[in-house]
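Colleague: Input structure: my_file.txt, which contains compact mmCIF, C-alpha atoms (C1' of nucleotides).
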```
# COMPACT_ATOMS: atom_id res chain seq x y z
CA MET J 28 -5.10 27.10 5.37
CA GLU J 29 -2.80 26.23 8.16
CA SER J 30 -4.41 24.02 10.72
CA CYS J 31 -3.37 20.40 10.89
CA ARG J 32 -2.71 20.69 14.55
CA PRO J 33 -3.31 17.79 16.88
CA LYS J 34 -6.52 18.10 18.85
CA LEU J 35 -6.00 15.48 21.50
CA PRO J 36 -2.81 13.66 22.41
CA LEU J 37 -2.86 10.05 21.30
CA VAL J 38 -2.76 8.68 24.81
CA ALA J 39 -5.86 10.63 25.74
CA ARG J 40 -7.89 9.15 22.93
CA PRO J 41 -9.72 5.87 23.20
CA LEU J 42 -8.33 3.18 20.93
CA ILE J 43 -8.90 4.16 17.35
CA GLY J 44 -11.82 2.29 15.84
CA ALA J 45 -11.75 0.31 12.65
CA LEU J 46 -13.64 2.95 10.74
CA GLU J 47 -11.54 5.84 11.95
CA ALA J 48 -8.40 3.88 11.24
CA GLU J 49 -9.62 3.27 7.74
CA ARG J 50 -10.07 6.98 7.22
CA VAL J 51 -6.76 7.98 8.75
CA SER J 52 -4.94 5.38 6.70
CA ILE J 53 -6.07 7.09 3.53
CA ILE J 54 -3.90 10.13 4.09
CA PHE J 55 -0.91 7.92 4.84
CA LYS J 56 -1.54 5.80 1.77
CA SER J 57 -1.18 8.92 -0.32
CA LEU J 58 2.36 9.29 1.04
CA ALA J 59 3.19 5.61 0.99
CA HIS J 60 4.58 5.44 -2.51
CA PRO J 61 7.81 6.88 -3.87
CA THR J 62 6.23 8.24 -7.00
CA ARG J 63 3.54 10.12 -5.12
CA LEU J 64 6.08 11.43 -2.66
CA ARG J 65 8.12 12.86 -5.48
CA LEU J 66 5.09 14.43 -7.13
CA LEU J 67 3.96 15.95 -3.87
CA HIS J 68 7.38 17.30 -3.06
CA ALA J 69 7.70 18.81 -6.51
CA LEU J 70 4.31 20.47 -6.09
CA ILE J 71 5.14 21.75 -2.64
CA ARG J 72 8.43 23.16 -3.85
CA VAL J 73 7.06 25.20 -6.71
CA ASP J 74 3.44 25.44 -5.71
CA GLU J 75 1.87 24.56 -9.05
CA LEU J 76 2.90 22.31 -11.94
CA SER J 77 1.40 20.67 -14.99
CA VAL J 78 1.30 16.98 -15.71
CA GLY J 79 3.98 17.44 -18.32
CA ASP J 80 6.20 19.38 -15.95
CA LEU J 81 5.90 16.64 -13.39
CA ALA J 82 6.66 14.01 -15.99
CA ASP J 83 9.80 15.88 -16.93
CA GLU J 84 10.91 16.38 -13.35
CA THR J 85 10.43 12.79 -12.37
CA GLY J 86 11.31 11.11 -15.63
CA MET J 87 8.07 9.19 -15.77
CA THR J 88 5.38 8.93 -18.40
CA VAL J 89 2.48 11.36 -18.36
CA GLN J 90 0.03 8.52 -17.92
CA ALA J 91 1.69 7.35 -14.76
CA ILE J 92 1.73 10.90 -13.44
CA SER J 93 -1.85 11.45 -14.43
CA ASN J 94 -2.91 8.24 -12.72
CA GLN J 95 -1.28 9.21 -9.48
CA LEU J 96 -2.56 12.76 -9.59
CA GLN J 97 -6.02 11.42 -10.10
CA ARG J 98 -5.71 9.26 -7.01
CA LEU J 99 -4.44 12.22 -5.06
CA ALA J 100 -7.24 14.43 -6.35
CA GLU J 101 -9.88 11.86 -5.43
CA ILE J 102 -8.94 12.17 -1.80
CA SER J 103 -8.53 15.94 -2.04
CA VAL J 104 -4.81 15.94 -1.46
CA VAL J 105 -4.23 17.89 -4.64
CA GLY J 106 -6.42 20.31 -6.53
CA LYS J 107 -6.59 20.95 -10.24
CA ARG J 108 -6.93 24.05 -12.36
CA ARG J 109 -6.86 24.50 -16.09
CA ASP J 110 -4.70 27.10 -17.75
CA GLY J 111 -4.94 26.93 -21.50
CA LEU J 112 -3.65 23.61 -22.69
CA GLN J 113 -2.37 22.54 -19.36
CA ALA J 114 -3.88 21.16 -16.21
CA LEU J 115 -2.12 22.66 -13.23
CA TYR J 116 -2.01 20.82 -9.96
CA ARG J 117 -1.18 21.95 -6.48
CA VAL J 118 -1.29 20.51 -3.00
CA ILE J 119 -4.40 21.65 -1.16
CA ASP J 120 -4.29 19.42 1.89
CA PRO J 121 -2.46 21.36 4.60
CA CYS J 122 -1.52 18.21 6.47
CA VAL J 123 0.47 16.74 3.63
CA PRO J 124 3.45 19.10 3.74
CA VAL J 125 3.63 18.70 7.49
CA LEU J 126 3.55 14.93 7.25
CA LEU J 127 6.08 14.81 4.46
CA GLU J 128 8.45 17.01 6.39
CA ARG J 129 8.15 14.83 9.47
CA GLY J 130 8.49 11.63 7.51
CA TRP J 131 11.54 12.90 5.72
CA CYS J 132 13.27 13.86 8.91
CA HIS J 133 12.86 10.26 9.88
CA ILE J 134 15.51 9.15 7.40
CA ASP J 135 17.63 12.17 8.19
CA GLU J 136 17.79 10.95 11.76
CA PHE J 137 18.61 7.49 10.60
CA ASP J 138 21.37 8.74 8.34
CA LYS J 139 22.92 10.70 11.14
CA GLY J 140 24.04 7.35 12.12
CA VAL J 141 23.70 5.04 14.87
CA ASP J 142 21.08 2.41 15.17
CA VAL J 143 21.98 -0.04 17.79
CA GLU J 144 20.51 -3.48 17.97
CA VAL J 145 20.22 -4.34 21.59
CA PRO J 146 21.02 -7.98 22.14
CA GLY J 147 18.57 -8.96 24.81
CA GLY J 148 15.92 -6.39 24.51
CA LEU J 149 14.48 -3.79 22.23
CA SER J 150 16.18 -2.71 19.10
CA MET J 151 16.47 1.01 19.20
CA ASN J 152 17.92 4.11 17.64
CA VAL J 153 20.30 6.05 19.71
CA GLY J 154 20.77 9.57 18.51
CA MET A 13 15.13 9.11 21.60
CA GLU A 14 13.00 12.15 20.99
CA SER A 15 14.00 14.01 17.90
CA CYS A 16 11.92 13.70 14.76
CA ARG A 17 12.27 17.36 14.04
CA PRO A 18 12.45 18.68 10.52
CA LYS A 19 15.95 19.60 9.44
CA LEU A 20 15.26 21.62 6.33
CA PRO A 21 11.95 23.00 5.11
CA LEU A 22 10.63 21.13 2.10
CA VAL A 23 10.93 24.08 -0.23
CA ALA A 24 14.59 24.44 0.59
CA ARG A 25 15.38 20.90 -0.37
CA PRO A 26 16.14 19.83 -3.91
CA LEU A 27 13.51 17.54 -5.39
CA ILE A 28 13.53 14.29 -3.53
CA GLY A 29 15.31 11.58 -5.45
CA ALA A 30 13.91 8.19 -6.28
CA LEU A 31 16.04 6.47 -3.70
CA GLU A 32 15.25 8.88 -0.92
CA ALA A 33 11.58 8.72 -1.77
CA GLU A 34 11.74 4.97 -1.55
CA ARG A 35 13.15 5.21 1.93
CA VAL A 36 10.74 7.86 3.13
CA SER A 37 7.81 5.92 1.78
CA ILE A 38 8.65 3.03 4.08
CA ILE A 39 7.68 4.90 7.20
CA PHE A 40 4.44 6.00 5.62
CA LYS A 41 3.66 2.49 4.46
CA SER A 42 3.79 1.38 8.05
CA LEU A 43 0.96 3.81 8.79
CA ALA A 44 -0.95 3.18 5.60
CA HIS A 45 -3.06 0.33 6.85
CA PRO A 46 -5.94 0.39 9.32
CA THR A 47 -4.79 -2.69 11.18
CA ARG A 48 -1.32 -1.34 11.74
CA LEU A 49 -2.69 2.02 12.75
CA ARG A 50 -4.79 0.37 15.41
CA LEU A 51 -1.90 -1.71 16.67
CA LEU A 52 0.35 1.29 16.83
CA HIS A 53 -2.20 3.41 18.60
CA ALA A 54 -2.83 0.67 21.13
CA LEU A 55 0.90 0.40 21.76
CA ILE A 56 1.34 4.13 22.07
CA ARG A 57 -1.55 4.37 24.51
CA VAL A 58 -0.33 1.76 26.95
CA ASP A 59 3.33 1.61 26.04
CA GLU A 60 3.73 -2.15 25.88
CA LEU A 61 1.42 -5.02 24.94
CA SER A 62 1.60 -8.69 24.02
CA VAL A 63 0.39 -10.22 20.79
CA GLY A 64 -2.56 -11.70 22.64
CA ASP A 65 -3.48 -8.37 24.21
CA LEU A 66 -3.44 -6.74 20.84
CA ALA A 67 -5.54 -9.51 19.37
CA ASP A 68 -8.09 -8.97 22.13
CA GLU A 69 -8.13 -5.22 21.73
CA THR A 70 -8.56 -5.28 18.00
CA GLY A 71 -10.65 -8.41 17.63
CA MET A 72 -8.26 -9.97 15.16
CA THR A 73 -6.46 -13.28 15.11
CA VAL A 74 -3.05 -13.56 16.67
CA GLN A 75 -1.57 -14.59 13.37
CA ALA A 76 -2.70 -11.43 11.70
CA ILE A 77 -1.34 -9.38 14.59
CA SER A 78 1.91 -11.28 14.58
CA ASN A 79 2.30 -10.77 10.85
CA GLN A 80 1.84 -7.05 11.11
CA LEU A 81 4.09 -6.72 14.13
CA GLN A 82 6.75 -8.56 12.25
CA ARG A 83 6.52 -6.10 9.39
CA LEU A 84 6.71 -3.24 11.83
CA ALA A 85 9.67 -4.77 13.60
CA GLU A 86 11.54 -5.33 10.35
CA ILE A 87 11.61 -1.62 9.73
CA SER A 88 12.32 -0.85 13.38
CA VAL A 89 9.02 0.82 14.06
CA VAL A 90 8.35 -1.49 16.97
CA GLY A 91 10.67 -3.35 19.29
CA LYS A 92 10.17 -6.67 20.97
CA ARG A 93 10.93 -8.03 24.40
CA ARG A 94 10.15 -11.34 25.99
CA ASP A 95 8.56 -11.61 29.38
CA GLY A 96 7.85 -15.18 30.33
CA LEU A 97 5.36 -16.64 27.93
CA GLN A 98 4.63 -13.43 26.21
CA ALA A 99 6.35 -11.30 23.63
CA LEU A 100 5.86 -7.67 24.50
CA TYR A 101 5.97 -5.06 21.82
CA ARG A 102 6.34 -1.32 21.98
CA VAL A 103 6.81 1.54 19.57
CA ILE A 104 10.44 2.54 19.34
CA ASP A 105 10.38 4.86 16.37
CA PRO A 106 9.91 8.38 17.75
CA CYS A 107 8.51 9.68 14.49
CA VAL A 108 5.56 7.33 14.46
CA PRO A 109 3.55 8.89 17.28
CA VAL A 110 4.13 12.31 15.81
CA LEU A 111 2.99 11.21 12.39
CA LEU A 112 -0.02 9.38 13.70
CA GLU A 113 -1.10 12.40 15.68
CA ARG A 114 -0.78 14.63 12.67
CA GLY A 115 -2.51 12.20 10.39
CA TRP A 116 -5.37 11.77 12.79
CA CYS A 117 -5.94 15.48 13.10
CA HIS A 118 -6.45 15.41 9.39
CA ILE A 119 -9.78 13.68 9.72
CA ASP A 120 -10.64 15.78 12.75
CA GLU A 121 -10.29 18.82 10.54
CA PHE A 122 -12.37 17.24 7.87
CA ASP A 123 -15.07 16.35 10.34
CA LYS A 124 -15.15 19.87 11.61
CA GLY A 125 -16.21 20.75 8.08
CA VAL A 126 -13.82 23.52 7.45
CA ASP A 127 -11.23 23.59 4.74
CA VAL A 128 -11.70 26.40 2.36
CA GLU A 129 -9.11 26.94 -0.25
CA VAL A 130 -7.99 28.84 -3.09
CA PRO A 131 -9.01 31.79 -5.13
CA GLY A 132 -8.07 30.34 -8.48
CA GLY A 133 -10.76 27.70 -8.69
CA LEU A 134 -9.19 24.61 -7.24
CA SER A 135 -11.38 21.87 -6.00
CA MET A 136 -12.29 22.34 -2.40
CA ASN A 137 -14.09 20.77 0.47
CA VAL A 138 -16.88 22.59 2.01
CA GLY A 139 -18.51 20.86 4.88
C1' DT Q 21 -12.48 24.39 -39.57
C1' DG Q 22 -8.46 21.31 -39.14
C1' DA Q 23 -3.84 20.16 -37.51
C1' DC Q 24 -1.76 19.91 -33.29
C1' DT Q 25 -0.72 19.48 -28.15
C1' DA Q 26 -1.78 18.22 -23.38
C1' DT Q 27 -4.30 15.43 -20.65
C1' DT Q 28 -7.34 11.67 -19.42
C1' DA Q 29 -10.03 7.10 -19.73
C1' DC Q 30 -9.63 2.43 -19.72
C1' DA Q 31 -8.13 -2.21 -19.95
C1' DC Q 32 -4.21 -5.19 -19.12
C1' DC Q 33 -0.71 -7.68 -16.50
C1' DG Q 34 2.80 -8.38 -13.12
C1' DT Q 35 3.48 -7.76 -8.38
C1' DA Q 36 2.78 -6.83 -3.53
C1' DT Q 37 -0.19 -7.01 0.34
C1' DC Q 38 -3.40 -8.91 3.74
C1' DG Q 39 -5.78 -12.25 6.38
C1' DT Q 40 -6.30 -17.15 7.19
C1' DG Q 41 -5.18 -21.90 8.29
C1' DT Q 42 -1.98 -25.35 9.57
C1' DA Q 43 2.03 -26.71 11.60
C1' DA Q 44 6.06 -25.74 14.18
C1' DT Q 45 8.63 -23.45 17.88
C1' DA Q 46 9.70 -21.35 22.47
C1' DG Q 47 8.68 -21.01 27.01
C1' DT Q 48 6.08 -22.21 31.60
C1' DC Q 49 4.60 -24.98 35.29
C1' DA Q 50 3.14 -29.17 37.66
C1' DT U 19 9.63 -34.89 31.72
C1' DG U 20 5.05 -33.87 29.66
C1' DA U 21 0.85 -31.12 29.19
C1' DC U 22 -0.09 -26.64 28.18
C1' DT U 23 0.07 -21.66 26.43
C1' DA U 24 1.82 -17.91 23.56
C1' DT U 25 3.91 -16.85 19.58
C1' DT U 26 5.83 -17.55 15.03
C1' DA U 27 6.81 -19.70 10.28
C1' DC U 28 5.01 -20.70 6.06
C1' DA U 29 2.08 -21.39 2.19
C1' DC U 30 -2.32 -20.25 0.05
C1' DG U 31 -5.97 -17.39 -2.17
C1' DA U 32 -8.22 -13.10 -2.75
C1' DT U 33 -7.62 -8.48 -3.49
C1' DA U 34 -5.57 -4.01 -4.50
C1' DC U 35 -1.95 -1.38 -6.51
C1' DG U 36 1.26 0.55 -10.11
C1' DG U 37 2.94 1.29 -14.68
C1' DT U 38 2.17 0.72 -19.61
C1' DG U 39 -0.15 1.04 -24.03
C1' DT U 40 -3.91 2.41 -26.83
C1' DA U 41 -7.57 5.23 -27.74
C1' DA U 42 -10.36 9.11 -26.68
C1' DT U 43 -11.15 13.83 -25.07
C1' DA U 44 -10.40 18.86 -24.33
C1' DG U 45 -8.32 22.81 -25.62
C1' DT U 46 -5.22 26.01 -28.74
C1' DC U 47 -3.82 28.37 -32.74
C1' DA U 48 -3.28 29.18 -37.69
```
Please, can you express the file's structure as structure tokens?
Modeller:
Amino acid sequence: MESCRPKLPLVARPLIGALEAERVSIIFKSLAHPTRLRLLHALIRVDELSVGDLADETGMTVQAISNQLQRLAEISVVGKRRDGLQALYRVIDPCVPVLLERGWCHIDEFDKGVDVEVPGGLSMNVG
Amino acid sequence: MESCRPKLPLVARPLIGALEAERVSIIFKSLAHPTRLRLLHALIRVDELSVGDLADETGMTVQAISNQLQRLAEISVVGKRRDGLQALYRVIDPCVPVLLERGWCHIDEFDKGVDVEVPGGLSMNVG
DNA sequence: TGACTATTACACCGTATCGTGTAATAGTCA
DNA sequence: TGACTATTACACGATACGGTGTAATAGTCA
């Protein structure tokens, strides 16, 4: 269940090939949209939710939710289970919470302030 | 410069708002394309490269590279520096290497076959 | 069984993205 | 200065994505 630990540091790996990059990009695509981020966070927070629940939480239509969940299920980011009338979804990809947490902290850092544009050289964040 | 450490666990945070999600999604978008992944990995590996170098390494046209670098620079993922004829780029966002490493391990896991989940009958990968 | 609810399938359209090609710009060196 | 190289600006066309609406499906309960 846990896992999602780096195997080799990036610098030790040969340049990522086109095919590998294609595959890695898939997991990032799943996180590259606000709606999906919100769905995933909601699912991570409470572990399991129905399409209707998610629609309520996010204020979107069930079709939109269902569409996105379907995309996420296709790539095995979320899993589905039926309980009576409802279809319950949950996050099954252990990397996703880790990535979301890291990605989120990115804007936390940014909000903490600072962000200096260096005139002559690199633009950079100074913490 | 380092940082990129989670501040609060995801479950402890209130559901991410639309605006926050929009902002978080930006960093993931930068990683959600094979070309950009390859550029970023190349830059992380050797620290600093020109547009031409990157074109050589990836086998793409300089225009395509330049376009992508521009996108990455707009959101401060990469920084730019001139050295004579060349424009040298490097990754300046400390979260990006972390995220790439984590995302990459995702397919490593998958390749290893593993990934068993869930008593309740969720969909699962079995290698 | 039949009314009802929750979810999904599917087509549609507006929009964003990506790579390319052409032209322009910035910088180097003789 | 002028030939040359590296990079960028910009517009174009193809493609993929996202949300909506309508219709269909799966399941529940009286």
Colleague: Show me, as a VMD selection string, every residue of chain J with an atom at most 8 Å from chain Q, counting all atoms listed in the file.
Modeller: chain J and resid 78 to 79 93 112 to 114
Colleague: My list of candidates is J:Met87, J:Ile71, J:Leu76, J:Ile102. Which is closest to chain A when distances are computed with only C-alpha atoms?
Modeller: J:Ile71
Colleague: Based on all atoms listed in the file, which of the residues in chain J come within 10 Å of chain U? I want them as a ChimeraX atom specification.
Modeller: /J:60,62,87-88,90-92,94-95,109-113
Colleague: Identify every residue of chain J that has at least one atom within 7 Å of any atom of chain A, counting all atoms listed in the file, and report the result as a VMD selection string.
Modeller: chain J and resid 28 31 to 34 37 to 38 42 to 43 45 48 to 49 51 to 56 58 to 61 64 to 65 68 to 69 71 to 72 106 to 108 122 126 128 to 134 148 to 154
Colleague: Hey, can you spit out that residue selection with C-alpha atoms as a PDB file, keeping the file's coordinate frame?
Modeller:
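Output file out_6.pdb follows:
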```
ATOM      1  CA  MET J  28      -5.100  27.100   5.370  1.00  0.00           C
ATOM      2  CA  CYS J  31      -3.370  20.400  10.890  1.00  0.00           C
ATOM      3  CA  ARG J  32      -2.710  20.690  14.550  1.00  0.00           C
ATOM      4  CA  PRO J  33      -3.310  17.790  16.880  1.00  0.00           C
ATOM      5  CA  LYS J  34      -6.520  18.100  18.850  1.00  0.00           C
ATOM      6  CA  LEU J  37      -2.860  10.050  21.300  1.00  0.00           C
ATOM      7  CA  VAL J  38      -2.760   8.680  24.810  1.00  0.00           C
ATOM      8  CA  LEU J  42      -8.330   3.180  20.930  1.00  0.00           C
ATOM      9  CA  ILE J  43      -8.900   4.160  17.350  1.00  0.00           C
ATOM     10  CA  ALA J  45     -11.750   0.310  12.650  1.00  0.00           C
ATOM     11  CA  ALA J  48      -8.400   3.880  11.240  1.00  0.00           C
ATOM     12  CA  GLU J  49      -9.620   3.270   7.740  1.00  0.00           C
ATOM     13  CA  VAL J  51      -6.760   7.980   8.750  1.00  0.00           C
ATOM     14  CA  SER J  52      -4.940   5.380   6.700  1.00  0.00           C
ATOM     15  CA  ILE J  53      -6.070   7.090   3.530  1.00  0.00           C
ATOM     16  CA  ILE J  54      -3.900  10.130   4.090  1.00  0.00           C
ATOM     17  CA  PHE J  55      -0.910   7.920   4.840  1.00  0.00           C
ATOM     18  CA  LYS J  56      -1.540   5.800   1.770  1.00  0.00           C
ATOM     19  CA  LEU J  58       2.360   9.290   1.040  1.00  0.00           C
ATOM     20  CA  ALA J  59       3.190   5.610   0.990  1.00  0.00           C
ATOM     21  CA  HIS J  60       4.580   5.440  -2.510  1.00  0.00           C
ATOM     22  CA  PRO J  61       7.810   6.880  -3.870  1.00  0.00           C
ATOM     23  CA  LEU J  64       6.080  11.430  -2.660  1.00  0.00           C
ATOM     24  CA  ARG J  65       8.120  12.860  -5.480  1.00  0.00           C
ATOM     25  CA  HIS J  68       7.380  17.300  -3.060  1.00  0.00           C
ATOM     26  CA  ALA J  69       7.700  18.810  -6.510  1.00  0.00           C
ATOM     27  CA  ILE J  71       5.140  21.750  -2.640  1.00  0.00           C
ATOM     28  CA  ARG J  72       8.430  23.160  -3.850  1.00  0.00           C
ATOM     29  CA  GLY J 106      -6.420  20.310  -6.530  1.00  0.00           C
ATOM     30  CA  LYS J 107      -6.590  20.950 -10.240  1.00  0.00           C
ATOM     31  CA  ARG J 108      -6.930  24.050 -12.360  1.00  0.00           C
ATOM     32  CA  CYS J 122      -1.520  18.210   6.470  1.00  0.00           C
ATOM     33  CA  LEU J 126       3.550  14.930   7.250  1.00  0.00           C
ATOM     34  CA  GLU J 128       8.450  17.010   6.390  1.00  0.00           C
ATOM     35  CA  ARG J 129       8.150  14.830   9.470  1.00  0.00           C
ATOM     36  CA  GLY J 130       8.490  11.630   7.510  1.00  0.00           C
ATOM     37  CA  TRP J 131      11.540  12.900   5.720  1.00  0.00           C
ATOM     38  CA  CYS J 132      13.270  13.860   8.910  1.00  0.00           C
ATOM     39  CA  HIS J 133      12.860  10.260   9.880  1.00  0.00           C
ATOM     40  CA  ILE J 134      15.510   9.150   7.400  1.00  0.00           C
ATOM     41  CA  GLY J 148      15.920  -6.390  24.510  1.00  0.00           C
ATOM     42  CA  LEU J 149      14.480  -3.790  22.230  1.00  0.00           C
ATOM     43  CA  SER J 150      16.180  -2.710  19.100  1.00  0.00           C
ATOM     44  CA  MET J 151      16.470   1.010  19.200  1.00  0.00           C
ATOM     45  CA  ASN J 152      17.920   4.110  17.640  1.00  0.00           C
ATOM     46  CA  VAL J 153      20.300   6.050  19.710  1.00  0.00           C
ATOM     47  CA  GLY J 154      20.770   9.570  18.510  1.00  0.00           C
TER      48      GLY J 154
END
```
Colleague: Interatomic distance between CA of Leu96 (chain J) and CA of Arg83 (chain A)?
Modeller: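 Answer for the CA of Leu96 (chain J) to CA of Arg83 (chain A) separation: 28.3 Å.
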Colleague: Superimpose chain J on chain A so that the squared distances between all in-order C-alpha pairs are minimised, and send the result as a compact mmCIF listing (two decimals) with C-alpha atoms, in the coordinates of the input.
Modeller:
```txt
# COMPACT_ATOMS: atom_id res chain seq x y z
CA MET J 28 14.54 9.21 22.44
CA GLU J 29 12.87 12.36 21.37
CA SER J 30 14.33 13.75 18.21
CA CYS J 31 12.30 13.51 15.04
CA ARG J 32 12.72 17.17 14.41
CA PRO J 33 12.98 18.54 10.91
CA LYS J 34 16.52 19.37 9.89
CA LEU J 35 15.91 21.46 6.82
CA PRO J 36 12.66 22.97 5.61
CA LEU J 37 11.31 21.20 2.56
CA VAL J 38 11.70 24.20 0.30
CA ALA J 39 15.38 24.44 1.13
CA ARG J 40 16.06 20.89 0.09
CA PRO J 41 16.80 19.88 -3.46
CA LEU J 42 14.12 17.69 -4.99
CA ILE J 43 14.03 14.39 -3.19
CA GLY J 44 15.74 11.67 -5.18
CA ALA J 45 14.25 8.35 -6.09
CA LEU J 46 16.31 6.50 -3.53
CA GLU J 47 15.58 8.89 -0.70
CA ALA J 48 11.92 8.86 -1.59
CA GLU J 49 11.96 5.10 -1.44
CA ARG J 50 13.38 5.23 2.05
CA VAL J 51 11.04 7.92 3.31
CA SER J 52 8.05 6.09 1.90
CA ILE J 53 8.80 3.14 4.14
CA ILE J 54 7.89 4.98 7.31
CA PHE J 55 4.66 6.20 5.73
CA LYS J 56 3.80 2.73 4.49
CA SER J 57 3.90 1.55 8.07
CA LEU J 58 1.11 4.03 8.85
CA ALA J 59 -0.79 3.51 5.64
CA HIS J 60 -3.01 0.70 6.80
CA PRO J 61 -5.88 0.79 9.28
CA THR J 62 -4.81 -2.34 11.07
CA ARG J 63 -1.29 -1.10 11.65
CA LEU J 64 -2.58 2.26 12.76
CA ARG J 65 -4.73 0.61 15.37
CA LEU J 66 -1.90 -1.58 16.60
CA LEU J 67 0.44 1.37 16.82
CA HIS J 68 -2.07 3.50 18.63
CA ALA J 69 -2.78 0.73 21.10
CA LEU J 70 0.94 0.35 21.73
CA ILE J 71 1.46 4.06 22.13
CA ARG J 72 -1.43 4.30 24.55
CA VAL J 73 -0.28 1.63 26.95
CA ASP J 74 3.36 1.42 26.04
CA GLU J 75 3.68 -2.35 25.82
CA LEU J 76 1.30 -5.14 24.79
CA SER J 77 1.39 -8.78 23.79
CA VAL J 78 0.17 -10.22 20.54
CA GLY J 79 -2.82 -11.67 22.33
CA ASP J 80 -3.65 -8.36 23.98
CA LEU J 81 -3.56 -6.65 20.63
CA ALA J 82 -5.73 -9.34 19.10
CA ASP J 83 -8.27 -8.81 21.84
CA GLU J 84 -8.22 -5.04 21.54
CA THR J 85 -8.64 -5.01 17.81
CA GLY J 86 -10.79 -8.08 17.38
CA MET J 87 -8.45 -9.65 14.88
CA THR J 88 -6.74 -13.01 14.77
CA VAL J 89 -3.32 -13.42 16.34
CA GLN J 90 -1.84 -14.39 13.01
CA ALA J 91 -2.91 -11.17 11.40
CA ILE J 92 -1.52 -9.22 14.34
CA SER J 93 1.68 -11.19 14.30
CA ASN J 94 2.10 -10.60 10.58
CA GLN J 95 1.74 -6.88 10.93
CA LEU J 96 3.97 -6.68 13.97
CA GLN J 97 6.60 -8.55 12.07
CA ARG J 98 6.44 -6.03 9.25
CA LEU J 99 6.69 -3.22 11.74
CA ALA J 100 9.60 -4.88 13.51
CA GLU J 101 11.47 -5.41 10.24
CA ILE J 102 11.63 -1.69 9.71
CA SER J 103 12.35 -1.01 13.38
CA VAL J 104 9.09 0.74 14.08
CA VAL J 105 8.35 -1.62 16.94
CA GLY J 106 10.61 -3.59 19.22
CA LYS J 107 10.02 -6.94 20.83
CA ARG J 108 10.74 -8.38 24.24
CA ARG J 109 9.86 -11.71 25.74
CA ASP J 110 8.26 -12.01 29.14
CA GLY J 111 7.46 -15.59 29.99
CA LEU J 112 4.96 -16.94 27.55
CA GLN J 113 4.31 -13.67 25.90
CA ALA J 114 6.07 -11.53 23.36
CA LEU J 115 5.68 -7.90 24.32
CA TYR J 116 5.85 -5.21 21.70
CA ARG J 117 6.33 -1.50 21.95
CA VAL J 118 6.88 1.39 19.59
CA ILE J 119 10.55 2.30 19.40
CA ASP J 120 10.54 4.70 16.48
CA PRO J 121 10.15 8.20 17.94
CA CYS J 122 8.80 9.59 14.69
CA VAL J 123 5.80 7.32 14.60
CA PRO J 124 3.82 8.87 17.45
CA VAL J 125 4.49 12.31 16.05
CA LEU J 126 3.35 11.30 12.60
CA LEU J 127 0.28 9.52 13.87
CA GLU J 128 -0.72 12.52 15.91
CA ARG J 129 -0.33 14.83 12.94
CA GLY J 130 -2.13 12.48 10.60
CA TRP J 131 -4.99 12.08 13.00
CA CYS J 132 -5.47 15.78 13.39
CA HIS J 133 -5.95 15.82 9.67
CA ILE J 134 -9.35 14.16 9.96
CA ASP J 135 -10.17 16.19 13.03
CA GLU J 136 -9.77 19.30 10.92
CA PHE J 137 -11.89 17.79 8.22
CA ASP J 138 -14.61 16.86 10.67
CA LYS J 139 -14.71 20.34 12.05
CA GLY J 140 -16.52 20.94 8.92
CA VAL J 141 -16.21 22.90 5.90
CA ASP J 142 -14.54 21.79 2.77
CA VAL J 143 -15.45 24.01 -0.05
CA GLU J 144 -15.12 23.00 -3.64
CA VAL J 145 -14.19 26.07 -5.54
CA PRO J 146 -15.90 26.10 -8.90
CA GLY J 147 -13.27 27.57 -11.14
CA GLY J 148 -10.13 26.95 -9.28
CA LEU J 149 -8.60 24.91 -6.55
CA SER J 150 -10.62 22.79 -4.26
CA MET J 151 -9.72 23.73 -0.76
CA ASN J 152 -10.49 23.39 2.91
CA VAL J 153 -11.55 26.46 4.67
CA GLY J 154 -11.20 26.22 8.40
```
Colleague: What does the structure give for the distance between CA of Ala82 (chain J) and CA of Leu99 (chain J), in Å to one decimal?
Modeller: 15.7 Å
